[in-house]
file work.cif (mmCIF, C-alpha atoms and all ligand atoms)
data_query
#
loop_
_atom_site.label_atom_id
_atom_site.label_comp_id
_atom_site.auth_asym_id
_atom_site.auth_seq_id
_atom_site.Cartn_x
_atom_site.Cartn_y
_atom_site.Cartn_z
CA MET C 584 116.48 43.43 118.60
CA THR C 585 116.17 47.15 118.30
CA GLU C 586 112.86 48.90 117.92
CA LEU C 587 111.89 50.30 114.53
CA SER C 588 111.03 53.94 114.24
CA GLN C 589 107.48 54.94 113.36
CA ARG C 590 108.65 55.82 109.87
CA GLN C 591 110.51 52.56 109.29
CA LYS C 592 107.41 50.70 110.38
CA TYR C 593 105.25 52.79 108.11
CA ASP C 594 107.50 52.28 105.09
CA LEU C 595 107.69 48.57 105.74
CA LYS C 596 103.93 48.32 106.13
CA ARG C 597 103.41 50.03 102.80
CA GLN C 598 105.92 47.77 101.11
CA LEU C 599 104.14 44.74 102.55
CA GLU C 600 100.80 45.97 101.22
CA GLU C 601 102.32 46.15 97.76
CA LEU C 602 103.93 42.73 98.01
CA LYS C 603 100.84 41.05 99.37
CA ALA C 604 98.75 42.44 96.55
CA CYS C 605 100.83 40.43 94.05
CA LYS C 606 99.35 37.10 93.04
CA GLY C 607 100.87 34.65 90.60
CA LYS C 608 98.74 32.60 88.24
CA HIS C 609 100.75 29.57 89.29
CA THR C 610 103.61 28.92 91.69
CA GLU C 611 105.89 31.41 90.02
CA LEU C 612 106.55 34.16 92.56
CA ILE C 613 109.99 33.84 94.10
CA SER C 614 110.90 35.07 97.57
CA LEU C 615 114.57 34.91 98.45
CA TYR C 616 115.84 35.89 101.91
CA VAL C 617 119.59 36.39 102.15
CA PRO C 618 120.90 36.84 105.72
CA PRO C 619 123.89 39.17 106.30
CA THR C 620 126.20 36.23 106.98
CA LYS C 621 125.49 34.44 103.69
CA GLN C 622 128.09 34.58 100.92
CA ILE C 623 126.70 35.97 97.69
CA SER C 624 128.56 33.25 95.77
CA ASP C 625 126.66 30.60 97.77
CA VAL C 626 123.38 32.24 96.87
CA THR C 627 124.35 32.31 93.20
CA ALA C 628 125.25 28.61 93.34
CA TYR C 629 121.93 27.86 95.02
CA LEU C 630 120.01 29.67 92.28
CA ARG C 631 121.97 27.94 89.51
CA ASN C 632 120.84 24.66 91.03
CA GLU C 633 117.25 25.91 91.13
CA ILE C 634 117.51 26.62 87.41
CA SER C 635 118.26 22.99 86.67
CA GLU C 636 115.51 21.87 89.09
CA SER C 637 113.05 24.10 87.25
CA GLN C 638 113.56 22.12 84.05
CA ASN C 639 111.13 19.61 85.57
CA ILE C 640 108.23 22.08 85.72
CA LYS C 641 105.48 20.76 83.46
CA SER C 642 103.72 23.93 82.39
CA LYS C 643 105.67 25.73 79.72
CA THR C 644 104.64 29.25 80.77
CA THR C 645 105.28 28.59 84.44
CA LYS C 646 108.71 27.21 83.65
CA LYS C 647 109.52 30.21 81.49
CA ASN C 648 108.32 32.62 84.18
CA VAL C 649 110.21 30.90 86.98
CA LEU C 650 113.40 30.82 84.95
CA SER C 651 113.19 34.48 84.03
CA ALA C 652 112.54 35.37 87.69
CA ILE C 653 115.64 33.45 88.78
CA GLU C 654 117.71 35.05 86.02
CA SER C 655 116.48 38.45 87.13
CA ILE C 656 117.58 37.77 90.72
CA LEU C 657 120.95 36.49 89.51
CA SER C 658 121.60 39.67 87.58
CA ARG C 659 120.57 41.80 90.58
CA LEU C 660 122.86 39.80 92.85
CA LYS C 661 125.81 40.89 90.73
CA MET C 662 125.36 44.35 92.22
CA PHE C 663 126.25 43.02 95.65
CA ARG C 664 129.78 42.18 96.63
CA GLN C 665 128.42 41.02 99.96
CA ALA C 666 125.05 41.02 101.67
CA PRO C 667 124.13 44.36 103.32
CA GLU C 668 124.29 44.77 107.10
CA ASN C 669 120.77 43.40 107.63
CA GLY C 670 120.76 41.11 104.62
CA VAL C 671 118.56 41.56 101.58
CA VAL C 672 115.30 40.11 100.29
CA PHE C 673 114.27 39.63 96.66
CA PHE C 674 110.67 39.32 95.58
CA VAL C 675 110.55 38.60 91.89
CA GLY C 676 108.01 37.02 89.60
CA HIS C 677 105.16 37.37 87.14
CA LYS C 678 102.08 38.70 88.86
CA SER C 679 98.66 38.26 87.39
CA ILE C 680 97.15 41.48 86.02
CA GLY C 681 93.72 40.33 84.97
CA SER C 682 92.46 38.25 82.02
CA ASP C 683 95.39 36.10 80.96
CA GLN C 684 98.00 38.78 81.37
CA THR C 685 100.97 38.76 83.69
CA SER C 686 103.51 41.42 84.46
CA MET C 687 107.00 40.96 85.83
CA VAL C 688 107.64 42.58 89.22
CA ALA C 689 110.91 42.79 91.11
CA PHE C 690 111.35 44.20 94.60
CA VAL C 691 114.65 44.37 96.40
CA VAL C 692 114.01 44.98 100.08
CA VAL C 693 116.78 45.92 102.46
CA PRO C 694 115.13 45.16 105.80
CA PRO C 695 115.50 47.47 108.81
CA LEU C 696 116.31 44.47 111.03
CA PRO C 697 118.60 41.54 110.27
CA ILE C 698 117.33 38.55 108.29
CA GLN C 699 117.85 35.47 110.44
CA THR C 700 117.75 32.56 107.99
CA PHE C 701 118.36 31.88 104.33
CA LEU C 702 115.16 31.02 102.53
CA TYR C 703 114.11 30.38 98.95
CA ARG C 704 110.47 29.93 98.14
CA CYS C 705 108.52 29.69 94.91
CA ASP C 706 104.80 30.05 95.40
CA SER C 707 101.72 31.79 94.00
CA LEU C 708 102.14 34.49 96.67
CA PHE C 709 105.23 36.24 97.99
CA TYR C 710 106.36 34.92 101.34
CA THR C 711 106.34 37.98 103.60
CA GLU C 712 106.02 36.54 107.13
CA PRO C 713 109.63 37.21 108.23
CA ILE C 714 109.22 40.88 107.31
CA GLU C 715 105.83 41.06 108.97
CA ALA C 716 107.42 39.72 112.14
CA MET C 717 109.68 42.78 112.17
CA LEU C 718 106.57 44.90 112.57
CA THR C 719 105.31 43.25 115.72
CA GLU C 720 105.22 45.82 118.46
CA LYS C 721 108.20 45.87 120.76
CA GLU C 722 106.90 48.21 123.39
CA ILE C 723 109.54 49.50 125.77
CA TYR C 724 108.72 51.45 128.92
CA GLY C 725 111.02 52.79 131.60
CA LEU C 726 110.14 51.88 135.17
CA LEU C 727 111.29 53.88 138.16
CA LEU C 728 110.41 53.17 141.78
CA ILE C 729 111.46 55.59 144.44
CA ASP C 730 111.09 56.54 148.07
CA ARG C 731 113.57 57.89 150.62
CA ARG C 732 115.15 54.50 151.25
CA GLU C 733 115.23 52.66 147.95
CA CYS C 734 115.30 53.26 144.23
CA THR C 735 114.81 50.63 141.53
CA ILE C 736 115.20 51.26 137.82
CA GLY C 737 114.00 48.82 135.19
CA LEU C 738 112.51 48.38 131.76
CA LEU C 739 109.37 46.80 130.47
CA ARG C 740 110.18 45.23 127.10
CA GLY C 741 107.03 43.82 125.61
CA SER C 742 105.86 41.79 128.56
CA ARG C 743 109.31 41.20 130.04
CA VAL C 744 110.40 43.17 133.09
CA GLU C 745 114.13 43.83 133.46
CA LEU C 746 115.83 45.03 136.62
CA LEU C 747 118.67 47.37 135.70
CA LYS C 748 119.64 49.12 138.93
CA TYR C 749 118.80 48.87 142.62
CA MET C 750 120.09 51.47 145.08
CA THR C 751 119.59 52.17 148.77
CA SER C 752 120.00 55.53 150.46
CA GLN C 753 121.79 56.86 153.54
CA VAL C 754 118.93 59.24 154.29
CA PRO C 755 118.33 59.00 158.07
CA GLY C 756 115.00 57.79 159.33
CA LYS C 757 112.46 59.98 161.04
CA HIS C 758 113.97 59.84 164.52
CA GLY C 759 116.98 61.94 165.36
CA ARG C 760 120.08 60.63 166.97
CA GLY C 761 121.03 61.78 170.41
CA GLY C 762 123.12 64.93 170.74
CA GLN C 763 121.69 66.83 167.79
CA SER C 764 119.06 69.50 167.93
CA GLN C 765 115.85 68.57 166.14
CA ARG C 766 116.19 71.46 163.66
CA ARG C 767 119.74 70.66 162.76
CA PHE C 768 118.74 67.03 162.32
CA GLU C 769 115.88 67.93 160.00
CA ARG C 770 118.11 70.17 157.94
CA LEU C 771 120.71 67.44 157.49
CA THR C 772 117.98 64.99 156.58
CA GLU C 773 116.69 67.30 153.88
CA ILE C 774 120.18 67.75 152.44
CA ALA C 775 120.68 64.00 152.43
CA ALA C 776 117.30 63.47 150.77
CA HIS C 777 118.09 66.07 148.10
CA GLU C 778 121.40 64.35 147.34
CA TRP C 779 119.65 60.98 147.21
CA PHE C 780 117.06 62.24 144.73
CA GLN C 781 119.81 63.80 142.64
CA LYS C 782 121.70 60.52 142.55
CA CYS C 783 118.55 58.59 141.58
CA GLY C 784 117.61 61.18 138.97
CA GLU C 785 121.06 61.05 137.41
CA LYS C 786 121.22 57.26 137.34
CA ALA C 787 117.69 56.90 135.94
CA SER C 788 118.33 59.58 133.31
CA GLU C 789 121.55 57.89 132.25
CA ILE C 790 119.81 54.53 131.85
CA PHE C 791 116.71 55.85 130.11
CA LEU C 792 118.61 58.17 127.75
CA ALA C 793 120.62 55.15 126.58
CA GLU C 794 117.31 53.64 125.41
CA PRO C 795 116.11 56.17 122.84
CA ASP C 796 113.11 54.06 121.88
CA ILE C 797 111.46 54.15 125.28
CA LYS C 798 107.83 54.98 124.68
CA GLY C 799 107.18 56.35 128.14
CA ILE C 800 108.21 56.21 131.74
CA LEU C 801 106.17 55.01 134.71
CA ILE C 802 107.09 56.20 138.18
CA GLY C 803 105.95 54.35 141.28
CA GLY C 804 106.38 54.11 145.00
CA PRO C 805 104.42 54.44 148.21
CA GLY C 806 103.30 57.82 149.52
CA PRO C 807 104.03 61.31 148.21
CA THR C 808 107.82 60.97 147.65
CA LYS C 809 107.52 59.91 143.99
CA ARG C 810 105.36 62.99 143.30
CA TYR C 811 107.89 65.25 144.98
CA PHE C 812 110.74 63.62 143.05
CA HIS C 813 108.84 64.10 139.77
CA ASP C 814 107.66 67.65 140.39
CA GLU C 815 111.09 68.87 141.49
CA ASN C 816 112.55 67.81 138.10
CA TYR C 817 115.26 65.51 139.31
CA LEU C 818 115.18 63.78 135.94
CA HIS C 819 116.88 65.01 132.76
CA TYR C 820 114.28 67.05 130.85
CA GLU C 821 114.16 64.60 127.93
CA VAL C 822 113.43 61.80 130.35
CA GLN C 823 111.01 63.96 132.33
CA ASN C 824 109.08 64.63 129.12
CA LYS C 825 108.53 60.93 128.68
CA VAL C 826 106.93 60.41 132.08
CA ILE C 827 103.44 59.11 131.41
CA ASP C 828 102.08 58.76 134.90
CA LEU C 829 102.75 58.12 138.58
CA PHE C 830 101.43 55.01 140.30
CA ASP C 831 101.03 53.94 143.91
CA THR C 832 102.97 50.80 144.71
CA GLY C 833 103.71 49.13 148.03
CA TYR C 834 107.28 48.21 147.12
CA THR C 835 110.25 50.10 145.76
CA ASP C 836 112.47 47.06 145.11
CA GLU C 837 112.40 44.38 142.44
CA PHE C 838 108.91 43.32 143.54
CA GLY C 839 107.83 46.86 142.88
CA LEU C 840 108.74 46.53 139.19
CA ARG C 841 106.18 43.77 138.73
CA GLU C 842 103.75 45.66 140.91
CA ILE C 843 103.90 48.87 138.88
CA VAL C 844 103.44 46.95 135.63
CA SER C 845 100.42 45.22 137.08
CA VAL C 846 98.98 48.47 138.46
CA ALA C 847 99.54 50.20 135.14
CA SER C 848 98.31 47.30 133.04
CA ASP C 849 94.74 48.43 133.63
CA THR C 850 95.58 51.40 131.45
CA MET C 851 98.27 49.63 129.42
CA GLN C 852 96.23 49.69 126.22
CA ASP C 853 96.09 53.40 126.61
CA LEU C 854 99.80 53.57 127.30
CA LYS C 855 100.48 52.07 123.92
CA VAL C 856 99.02 55.10 122.31
CA GLY C 857 99.74 57.37 125.27
CA GLN C 858 102.12 59.54 123.27
CA GLU C 859 99.64 59.90 120.42
CA LYS C 860 96.88 60.85 122.83
CA LYS C 861 99.11 63.41 124.46
CA VAL C 862 100.17 65.14 121.26
CA MET C 863 96.65 65.15 119.82
CA LYS C 864 95.34 66.67 123.05
CA ARG C 865 98.01 69.35 122.79
CA PHE C 866 96.99 70.08 119.21
CA LEU C 867 93.26 70.21 119.98
CA ARG C 868 93.94 72.58 122.88
CA GLU C 869 95.69 74.88 120.40
CA VAL C 870 92.79 74.66 117.95
CA THR C 871 90.39 76.08 120.52
CA LYS C 872 92.75 78.86 121.57
CA GLY C 873 91.84 81.46 118.97
CA ASP C 874 94.27 84.37 118.72
CA ASN C 875 97.60 82.95 119.78
CA SER C 876 96.88 79.48 118.50
CA LEU C 877 99.76 77.31 117.40
CA ALA C 878 97.49 74.94 115.50
CA ILE C 879 98.01 74.61 111.76
CA TYR C 880 95.93 72.32 109.59
CA GLY C 881 95.18 71.61 106.00
CA GLU C 882 97.95 70.61 103.60
CA ASP C 883 98.49 74.09 102.11
CA HIS C 884 98.84 75.79 105.48
CA VAL C 885 101.11 73.10 106.78
CA ARG C 886 103.32 73.45 103.69
CA ARG C 887 103.53 77.21 104.14
CA ALA C 888 104.47 76.84 107.78
CA LEU C 889 107.05 74.25 106.72
CA GLU C 890 108.65 76.66 104.27
CA MET C 891 109.08 79.06 107.16
CA GLY C 892 110.69 76.29 109.21
CA ALA C 893 108.06 77.05 111.82
CA ILE C 894 106.71 73.57 112.56
CA ASP C 895 107.46 72.08 115.93
CA THR C 896 105.32 68.95 115.68
CA LEU C 897 103.69 67.44 112.63
CA LEU C 898 100.74 65.09 113.00
CA LEU C 899 99.97 62.74 110.13
CA SER C 900 97.36 60.02 110.02
CA GLU C 901 98.93 56.77 109.01
CA ASP C 902 96.34 56.03 106.36
CA LEU C 903 96.71 59.20 104.27
CA ARG C 904 97.48 57.15 101.15
CA LYS C 905 98.54 60.12 99.09
CA TYR C 906 101.49 60.85 96.88
CA ARG C 907 103.38 64.04 96.13
CA ILE C 908 104.18 63.98 92.46
CA THR C 909 106.46 66.14 90.37
CA LEU C 910 105.18 67.06 86.92
CA ALA C 911 107.70 68.21 84.35
CA CYS C 912 107.39 69.46 80.82
CA PRO C 913 109.49 67.39 78.40
CA THR C 914 110.03 70.42 76.16
CA CYS C 915 110.70 73.41 78.40
CA SER C 916 112.06 73.29 81.94
CA TYR C 917 108.71 73.93 83.62
CA GLU C 918 108.00 71.85 86.74
CA GLU C 919 105.29 71.70 89.37
CA LYS C 920 104.27 69.54 92.31
CA ARG C 921 100.87 68.16 93.20
CA THR C 922 99.29 65.92 95.78
CA VAL C 923 97.32 63.01 94.38
CA LYS C 924 95.35 60.30 96.15
CA GLU C 925 96.75 56.83 95.70
CA ASP C 926 93.46 55.65 94.22
CA ASP C 927 93.50 58.42 91.61
CA LEU C 928 97.10 57.95 90.59
CA GLU C 929 96.51 55.13 88.13
CA ASP C 930 94.11 57.17 85.99
CA PHE C 931 95.91 60.44 86.54
CA GLU C 932 96.16 62.41 83.33
CA PRO C 933 99.04 64.92 83.52
CA PRO C 934 97.92 68.41 82.48
CA MET C 935 99.29 70.45 79.57
CA CYS C 936 102.35 72.58 80.19
CA PRO C 937 101.17 76.12 80.98
CA LYS C 938 104.36 77.65 79.56
CA CYS C 939 104.67 75.99 76.16
CA GLU C 940 102.75 77.56 73.29
CA THR C 941 102.26 74.30 71.40
CA PRO C 942 100.22 71.97 73.61
CA THR C 943 102.64 69.71 75.43
CA GLN C 944 101.55 67.20 78.01
CA MET C 945 103.64 67.10 81.15
CA GLU C 946 105.05 63.88 82.60
CA ILE C 947 105.27 62.51 86.13
CA THR C 948 108.97 62.53 86.88
CA GLU C 949 108.86 61.78 90.58
CA LYS C 950 106.42 60.20 93.00
CA ILE C 951 106.87 60.04 96.76
CA ASP C 952 104.57 58.94 99.54
CA ILE C 953 103.36 62.18 101.16
CA ILE C 954 104.14 60.84 104.64
CA ASP C 955 107.77 60.31 103.67
CA GLU C 956 107.95 63.66 101.92
CA LEU C 957 106.45 65.74 104.75
CA SER C 958 108.33 63.84 107.45
CA GLU C 959 111.64 64.52 105.77
CA LEU C 960 110.83 68.20 105.37
CA VAL C 961 109.88 68.56 109.03
CA GLU C 962 112.86 66.61 110.24
CA SER C 963 115.18 68.77 108.14
CA THR C 964 113.97 71.77 110.15
CA SER C 965 114.40 69.88 113.46
CA GLY C 966 110.68 69.36 113.96
CA LYS C 967 109.08 66.18 115.25
CA VAL C 968 106.71 63.89 113.40
CA PHE C 969 103.96 61.76 114.89
CA LEU C 970 102.19 59.16 112.80
CA ILE C 971 98.78 58.69 114.35
CA SER C 972 97.48 55.13 114.07
CA GLN C 973 94.48 54.63 111.90
CA SER C 974 92.50 52.53 114.33
CA SER C 975 92.64 54.98 117.22
CA GLU C 976 90.20 57.61 118.39
CA GLU C 977 92.88 60.23 117.75
CA GLY C 978 93.51 58.93 114.25
CA ASP C 979 89.82 59.13 113.42
CA SER C 980 89.45 62.72 114.53
CA LEU C 981 92.65 63.80 112.76
CA LYS C 982 91.39 62.23 109.55
CA ALA C 983 87.80 63.38 109.78
CA ALA C 984 88.27 66.94 111.00
CA PHE C 985 91.68 67.88 109.59
CA ASN C 986 92.13 65.66 106.52
CA GLY C 987 94.91 63.77 108.22
CA ILE C 988 97.48 66.58 108.18
CA ALA C 989 97.97 68.96 111.09
CA ALA C 990 100.78 70.63 112.97
CA ILE C 991 101.76 72.58 116.03
CA SER C 992 103.91 75.58 115.16
CA ARG C 993 106.79 76.99 117.15
CA TYR C 994 105.14 80.41 117.35
CA PRO C 995 101.78 81.84 116.29
CA LEU C 996 101.61 82.22 112.50
CA ASP C 997 99.37 84.36 110.37
CA ILE C 998 98.74 82.19 107.33
CA ALA C 999 94.99 81.87 107.35
ZN ZN C 1001 106.68 73.35 78.61
#

call {"tool": "encode", "arguments": {"input": "work.cif", "output": "structure tokens"}}
result
Amino acid sequence: MTELSQRQKYDLKRQLEELKACKGKHTELISLYVPPTKQISDVTAYLRNEISESQNIKSKTTKKNVLSAIESILSRLKMFRQAPENGVVFFVGHKSIGSDQTSMVAFVVVPPLPIQTFLYRCDSLFYTEPIEAMLTEKEIYGLLLIDRRECTIGLLRGSRVELLKYMTSQVPGKHGRGGQSQRRFERLTEIAAHEWFQKCGEKASEIFLAEPDIKGILIGGPGPTKRYFHDENYLHYEVQNKVIDLFDTGYTDEFGLREIVSVASDTMQDLKVGQEKKVMKRFLREVTKGDNSLAIYGEDHVRRALEMGAIDTLLLSEDLRKYRITLACPTCSYEEKRTVKEDDLEDFEPPMCPKCETPTQMEITEKIDIIDELSELVESTSGKVFLISQSSEEGDSLKAAFNGIAAISRYPLDIA
């Protein structure tokens, strides 16, 4: 299984929140999971059968609601010639909206990871567990053990350690062979060592670059060699940038892989958010810089920097819960955008059009989660986006001190 991006996880989380908030008065919410291998015609046949089964439902309203939900799924299924690459999930039914009222909801979710099994369920809640399972963390770390004799490259996937490559060197030991001067011997040894480190660096870079979702890289080994290898930049710069820390281990072979994981596991909880910590530290350092600061914060400033294409790294707290809405006048062509809190959206009263002479109320024509909106803008100018988890120390300070939106610019900007 591949790892989801931060954004995919975020979007999925939000969708789950919405789905889980739906409650049926009775067992009338339908969840239908269609795996990629399932024929649409089989699904249709299955639902037709459910329609006849539903005739046995005693309550008249429940029966009516279940039937209309199935009909709604059937009509949506017509839009599919075959199931999408990862399958598709339908959540349809009448949710309770207070007093005795219900309202029909229909969600079609194309999951970021493949649906494994076909499933039909009619309950008073939507069945979301298979989608929630896609959100479980699949932490991947690169492991590299090195000294002058051996090099072992592996991965830590969740709690599983994988050995990917083991190499041994031809670098001579400390004692010279007969017939060579000590200096000449040392020189040859250094050349051999350099070539060995190059070979290890190239192999490790090749392996780690092929795993774009690696969260960080741990380097281990006995003595100072690993430090030398790291500091002399034998790794590809993209891989080098992912190095989290160096650890002392006794072994540089397969045993060493387990050893480094165990040594690092003391700080493993930190590793999980290691990248977040790092980028927040970088931002806070910029904040305190003064004149040539690259720190930008506050939504307006960030938007201005974005327009200039000047943002290198955008930091967003995961629990912003805001929307960017587009307001348009139905009479003239006037349009404007605003940011509104999720909680305020329901009672949001669009303002009057400032251009029309006769009072005309504007309408919300578009609504997008601000995290999606800003992320797309930054990515379109080749910047990076970090979603900072809400339960972390970093997340708290980003939210409290900077309203959850901050950035590091590519060069100092004067937009105060
Ligand atoms: Zn107008």

call {"tool": "closest_residue", "arguments": {"input": "work.cif", "among": "C:Gly725, C:Gly966, C:Pro795, C:Gly804", "to": "C:Val826", "atoms": "only C-alpha atoms"}}
result
C:Gly725

call {"tool": "residues_near_ligand", "arguments": {"input": "work.cif", "ligand": "ligand ZN 1001 (chain C)", "cutoff": "9 Å", "atoms": "only C-alpha atoms and all ligand atoms", "output": "ChimeraX atom specification"}}
result
/C:911-918,935-945

call {"tool": "residues_around", "arguments": {"input": "work.cif", "residues": "C:Thr772", "least_positions_apart": "3", "cutoff": "10 Å", "atoms": "all atoms listed in the file", "output": "list in words"}}
result
Gln753, Val754, Pro755, Gly756, Lys757, Gly759, Arg766, Arg767, Phe768, Glu769, Ala775, Ala776, His777 and Glu778 of chain C

call {"tool": "residues_around", "arguments": {"input": "work.cif", "residues": "C:Gly978", "least_positions_apart": "6", "cutoff": "12 Å", "atoms": "only C-alpha atoms", "output": "VMD selection string"}}
result
chain C and resid 856 859 to 860 862 to 864 898 to 903 969 to 972 984 to 989

call {"tool": "write_last_selection", "arguments": {"input": "work.cif", "atoms": "C-alpha atoms", "output": "compact mmCIF listing (two decimals), keeping the file's coordinate frame"}}
result
# COMPACT_ATOMS: atom_id res chain seq x y z
CA VAL C 856 99.02 55.10 122.31
CA GLU C 859 99.64 59.90 120.42
CA LYS C 860 96.88 60.85 122.83
CA VAL C 862 100.17 65.14 121.26
CA MET C 863 96.65 65.15 119.82
CA LYS C 864 95.34 66.67 123.05
CA LEU C 898 100.74 65.09 113.00
CA LEU C 899 99.97 62.74 110.13
CA SER C 900 97.36 60.02 110.02
CA GLU C 901 98.93 56.77 109.01
CA ASP C 902 96.34 56.03 106.36
CA LEU C 903 96.71 59.20 104.27
CA PHE C 969 103.96 61.76 114.89
CA LEU C 970 102.19 59.16 112.80
CA ILE C 971 98.78 58.69 114.35
CA SER C 972 97.48 55.13 114.07
CA ALA C 984 88.27 66.94 111.00
CA PHE C 985 91.68 67.88 109.59
CA ASN C 986 92.13 65.66 106.52
CA GLY C 987 94.91 63.77 108.22
CA ILE C 988 97.48 66.58 108.18
CA ALA C 989 97.97 68.96 111.09

call {"tool": "closest_residue", "arguments": {"input": "work.cif", "among": "C:Lys982, C:Lys872, C:Lys608, C:Arg907", "to": "C:Ile954", "atoms": "all atoms listed in the file"}}
result
C:Arg907

call {"tool": "axis_aligned_box", "arguments": {"input": "work.cif", "around": "stretch 622-627 of chain C", "padding_each_side": "6 Å", "output": "lines of an AutoDock Vina configuration file"}}
result
center_x = 126.0
center_y = 33.3
center_z = 97.1
size_x = 17.2
size_y = 17.4
size_z = 19.7

call {"tool": "build_atoms", "arguments": {"input": "work.cif", "residues": "stretch 958-972 of chain C", "atoms": "N, CA and C atoms", "output": "CSV table (one decimal), in the coordinates of the input"}}
result
chain,number,residue,atom,x,y,z
C,958,SER,N,107.5,64.2,106.3
C,958,SER,CA,108.3,63.8,107.4
C,958,SER,C,109.8,64.3,107.2
C,959,GLU,N,110.3,64.1,106.0
C,959,GLU,CA,111.6,64.5,105.8
C,959,GLU,C,111.8,66.0,105.8
C,960,LEU,N,110.8,66.7,105.3
C,960,LEU,CA,110.8,68.2,105.4
C,960,LEU,C,110.8,68.7,106.8
C,961,VAL,N,110.0,68.1,107.6
C,961,VAL,CA,109.9,68.6,109.0
C,961,VAL,C,111.2,68.2,109.8
C,962,GLU,N,111.6,67.0,109.5
C,962,GLU,CA,112.9,66.6,110.2
C,962,GLU,C,114.1,67.5,109.8
C,963,SER,N,114.1,67.9,108.6
C,963,SER,CA,115.2,68.8,108.1
C,963,SER,C,115.2,70.2,108.8
C,964,THR,N,114.0,70.5,109.4
C,964,THR,CA,114.0,71.8,110.2
C,964,THR,C,113.9,71.5,111.7
C,965,SER,N,114.3,70.3,112.1
C,965,SER,CA,114.4,69.9,113.5
C,965,SER,C,113.0,69.8,114.1
C,966,GLY,N,112.0,69.6,113.4
C,966,GLY,CA,110.7,69.4,114.0
C,966,GLY,C,110.5,67.9,114.2
C,967,LYS,N,109.4,67.6,114.9
C,967,LYS,CA,109.1,66.2,115.2
C,967,LYS,C,107.9,65.7,114.4
C,968,VAL,N,107.8,64.4,114.2
C,968,VAL,CA,106.7,63.9,113.4
C,968,VAL,C,106.0,62.8,114.2
C,969,PHE,N,104.7,62.8,114.3
C,969,PHE,CA,104.0,61.8,114.9
C,969,PHE,C,103.0,61.2,113.8
C,970,LEU,N,103.2,59.8,113.6
C,970,LEU,CA,102.2,59.2,112.8
C,970,LEU,C,101.1,58.7,113.7
C,971,ILE,N,99.9,59.1,113.5
C,971,ILE,CA,98.8,58.7,114.4
C,971,ILE,C,98.1,57.5,113.8
C,972,SER,N,98.0,56.4,114.6
C,972,SER,CA,97.5,55.1,114.1
C,972,SER,C,96.1,55.3,113.6
